[in-house]
Amino acid sequence: MYHHIKKLMYTVNVGTPDTAFGNMLLEQFGGANGELAAAMQYTIQGWNCEDGPRRALLMDIGTEELSHLEVVGALARMHLKPMKSDRAAAEVEPLVTLSYGGGVSLCNSVGTSWTADYLKITGDISVDLRSNIAAEARAKIVYDRLICFTDDPGTQEALQFLMTREITHMRSFSAALESMEKPAFSIGTIAPTPTLVDEYFNASTGEGEVGKDHVGPWNEGNGLHIANSRRDGGEGLTTKPYRPQRGSEKTSSHDSTPVGAARSTRDSKAA
């Protein structure tokens, strides 16, 4: 059940409307990294989640994102309002004026319609939480950039509020993932191929615009080591065939029911 309260989560005040900036704000209304996408992604993930506490987390934040959508919509409408009566303002973005009446619609800043293709929903809570952490980071950087393109104090303050909540949500999603107490790179139910999983393939060699090869913890360390191409005299990646081992990956008691688990049990009995 949803209940709408006739009050914005954050009161928006705009001094001088800026129609061009209002159009930019639509990126956070109906864009790939906007509030509608976040609200839908977290809510549907929550409906799929079989773990009660994390389901509640997803529903709480998904619902807050709808409130953020309302704030962004109010902010955009205030900036777009001159389009309703001023020809020069209307010409900034005719689509917004003529099709949307100088208001908001489910589109981004260049008029592309919102699509469910923006959503990342897998039904695996640990994977979904990782997607959400990345989604909040992308939303944060968009707000960061929007703030830099407006001088209106009220607009900046509203965007600062929204930007800050993205970091809060990142922290919540990160904590929820860590509390599952599963290895950082444990995904699904089938463990990766031993040896191969530790090999960093050096696929960019020689001298060039980016300079010589570099060594860092991303290729030497954290259990990883460099595997050079046979072309360059290395041994290449391990390609010896390895049969997938169902049920071999470390899971968490908070994981949803693994897809294919029933088939694995049936196959093992048949064997």
# chains A, B, ... in the order shown; residues from 1 in each chain; ligands from 1
>>> select_by_dssp(residues="range 34-229 of chain A", states="strand (DSSP E or B)", output="list of chain:residue names")
A:Cys107, A:Ser113, A:Glu199, A:Tyr200, A:Phe201, A:Asn202, A:Gly221, A:Leu224, A:His225, A:Ile226, A:Ala227, A:Asn228
>>> residues_around(residues="Asn202 in chain A", least_positions_apart="3", cutoff="10 Å", atoms="only C-alpha atoms", output="JSON, numbers by chain")
{"A": [199, 205, 213, 214, 219, 225, 226, 227, 228, 229, 232, 234, 236, 237]}
>>> residues_around(residues="Ala134 in chain A", least_positions_apart="5", cutoff="9 Å", atoms="only C-alpha atoms", output="PDB file with C-alpha atoms, in the first residue's frame")
ATOM      1  CA  LEU A 129      22.762  -4.547  -3.782  1.00  0.00           C
ATOM      2  CA  ALA A 139      23.040   9.632  -9.348  1.00  0.00           C
ATOM      3  CA  MET A 170      25.073   3.951  -0.680  1.00  0.00           C
TER       4      MET A 170
END
>>> residues_around(residues="Thr251 in chain A", least_positions_apart="4", cutoff="8 Å", atoms="only C-alpha atoms", output="number ranges by chain")
A: 182, 186-189, 255
>>> write_last_selection(atoms="N, CA and C atoms", output="PDB file, in the first residue's frame")
ATOM      1  N   LYS A 182      29.165 -12.918   3.407  1.00  0.00           N
ATOM      2  CA  LYS A 182      29.608 -13.852   2.378  1.00  0.00           C
ATOM      3  C   LYS A 182      30.844 -13.264   1.719  1.00  0.00           C
ATOM      4  N   SER A 186      31.769 -13.785  -4.010  1.00  0.00           N
ATOM      5  CA  SER A 186      30.938 -14.980  -4.089  1.00  0.00           C
ATOM      6  C   SER A 186      29.613 -14.610  -4.740  1.00  0.00           C
ATOM      7  N   ILE A 187      29.403 -15.106  -5.950  1.00  0.00           N
ATOM      8  CA  ILE A 187      28.192 -14.804  -6.706  1.00  0.00           C
ATOM      9  C   ILE A 187      27.545 -16.118  -7.131  1.00  0.00           C
ATOM     10  N   GLY A 188      26.253 -16.249  -6.903  1.00  0.00           N
ATOM     11  CA  GLY A 188      25.538 -17.441  -7.339  1.00  0.00           C
ATOM     12  C   GLY A 188      25.911 -18.679  -6.552  1.00  0.00           C
ATOM     13  N   THR A 189      25.815 -19.846  -7.186  1.00  0.00           N
ATOM     14  CA  THR A 189      26.042 -21.117  -6.491  1.00  0.00           C
ATOM     15  C   THR A 189      27.169 -21.948  -7.086  1.00  0.00           C
ATOM     16  N   ASP A 255      20.721 -15.271   1.258  1.00  0.00           N
ATOM     17  CA  ASP A 255      20.511 -15.361  -0.186  1.00  0.00           C
ATOM     18  C   ASP A 255      19.090 -15.816  -0.492  1.00  0.00           C
TER      19      ASP A 255
END
>>> residues_around(residues="range 2-7 of chain A", least_positions_apart="4", cutoff="10 Å", atoms="only C-alpha atoms", output="PyMOL selection string")
chain A and resi 11+63+67+70-71
>>> write_last_selection(atoms="N, CA and C atoms", output="PDB file, in the first residue's frame")
ATOM      1  N   THR A  11      11.239  21.160   0.849  1.00  0.00           N
ATOM      2  CA  THR A  11      10.552  22.318   0.277  1.00  0.00           C
ATOM      3  C   THR A  11      11.458  23.014  -0.736  1.00  0.00           C
ATOM      4  N   THR A  63      10.793   3.731  -1.822  1.00  0.00           N
ATOM      5  CA  THR A  63       9.721   4.698  -1.565  1.00  0.00           C
ATOM      6  C   THR A  63      10.280   6.107  -1.401  1.00  0.00           C
ATOM      7  N   SER A  67       9.746   9.942  -3.468  1.00  0.00           N
ATOM      8  CA  SER A  67       9.669  11.282  -2.886  1.00  0.00           C
ATOM      9  C   SER A  67      10.685  12.206  -3.536  1.00  0.00           C
ATOM     10  N   GLU A  70       9.433  13.411  -6.807  1.00  0.00           N
ATOM     11  CA  GLU A  70       8.479  14.504  -6.631  1.00  0.00           C
ATOM     12  C   GLU A  70       9.211  15.833  -6.431  1.00  0.00           C
ATOM     13  N   VAL A  71      10.314  15.799  -5.692  1.00  0.00           N
ATOM     14  CA  VAL A  71      11.106  17.023  -5.458  1.00  0.00           C
ATOM     15  C   VAL A  71      11.741  17.487  -6.764  1.00  0.00           C
TER      16      VAL A  71
END
>>> residues_around(residues="Thr257 in chain A", least_positions_apart="4", cutoff="12 Å", atoms="only C-alpha atoms", output="short mmCIF file (atom, residue, chain, number, x, y, z; two decimals) with C-alpha atoms, in the first residue's frame")
data_model
loop_
_atom_site.label_atom_id
_atom_site.label_comp_id
_atom_site.auth_asym_id
_atom_site.auth_seq_id
_atom_site.Cartn_x
_atom_site.Cartn_y
_atom_site.Cartn_z
CA ASN A 48 11.51 -10.23 -5.32
CA CYS A 49 13.57 -10.37 -2.12
CA GLU A 50 12.94 -13.32 0.21
CA ASP A 51 15.00 -11.89 3.08
CA GLY A 123 16.63 -11.65 -8.15
CA ASP A 124 19.94 -12.26 -6.35
CA ILE A 125 20.06 -9.88 -3.41
CA GLY A 188 25.54 -17.44 -7.34
CA THR A 189 26.04 -21.12 -6.49
CA THR A 251 26.45 -18.66 -0.07
CA SER A 252 24.73 -16.81 2.75
CA SER A 253 21.66 -17.65 4.77
CA ALA A 261 18.72 -25.37 -7.10
CA ALA A 262 15.88 -27.88 -7.54
#
>>> closest_residue(among="A:Leu159, A:Leu146, A:Leu95, A:Val197", to="Gly223 in chain A", atoms="only C-alpha atoms")
A:Val197
>>> select_by_dssp(residues="range 36-259 of chain A", states="helix (DSSP H, G or I)", output="JSON, numbers by chain")
{"A": [36, 37, 38, 39, 40, 41, 42, 43, 44, 45, 46, 47, 48, 52, 53, 54, 55, 56, 57, 58, 59, 60, 61, 62, 63, 64, 65, 66, 67, 68, 69, 70, 71, 72, 73, 74, 75, 76, 77, 78, 79, 80, 81, 82, 83, 84, 87, 88, 89, 90, 94, 95, 96, 97, 98, 99, 100, 116, 117, 118, 125, 126, 127, 128, 129, 130, 131, 132, 133, 134, 135, 136, 137, 138, 139, 140, 141, 142, 143, 144, 145, 146, 147, 148, 153, 154, 155, 156, 157, 158, 159, 160, 161, 162, 163, 164, 165, 166, 167, 168, 169, 170, 171, 172, 173, 174, 175, 176, 177, 178, 196, 197, 198, 230, 231, 232]}
>>> closest_residue(among="A:Met180, A:Ser248, A:Thr239, A:Arg230", to="Ala203 in chain A", atoms="only C-alpha atoms")
A:Arg230
>>> closest_residue(among="A:Cys107, A:Ala191, A:Leu196, A:Ala176", to="Leu57 in chain A", atoms="only C-alpha atoms")
A:Ala176
>>> residues_around(residues="Asn23 in chain A", least_positions_apart="3", cutoff="6 Å", atoms="only C-alpha atoms", output="list in words")
Ala20, Leu26 and Ser109 of chain A
>>> write_last_selection(atoms="C-alpha atoms", output="PDB file, in the first residue's frame")
ATOM      1  CA  ALA A  20      17.644  25.595 -20.024  1.00  0.00           C
ATOM      2  CA  LEU A  26      14.851  16.227 -16.526  1.00  0.00           C
ATOM      3  CA  SER A 109      17.134  15.960 -20.885  1.00  0.00           C
TER       4      SER A 109
END
>>> closest_residue(among="A:Phe201, A:Tyr42, A:Phe29, A:Phe173", to="Leu106 in chain A", atoms="only C-alpha atoms")
A:Phe29
>>> closest_residue(among="A:Arg246, A:His254, A:Ile44, A:Arg231", to="Glu181 in chain A", atoms="only C-alpha atoms")
A:His254
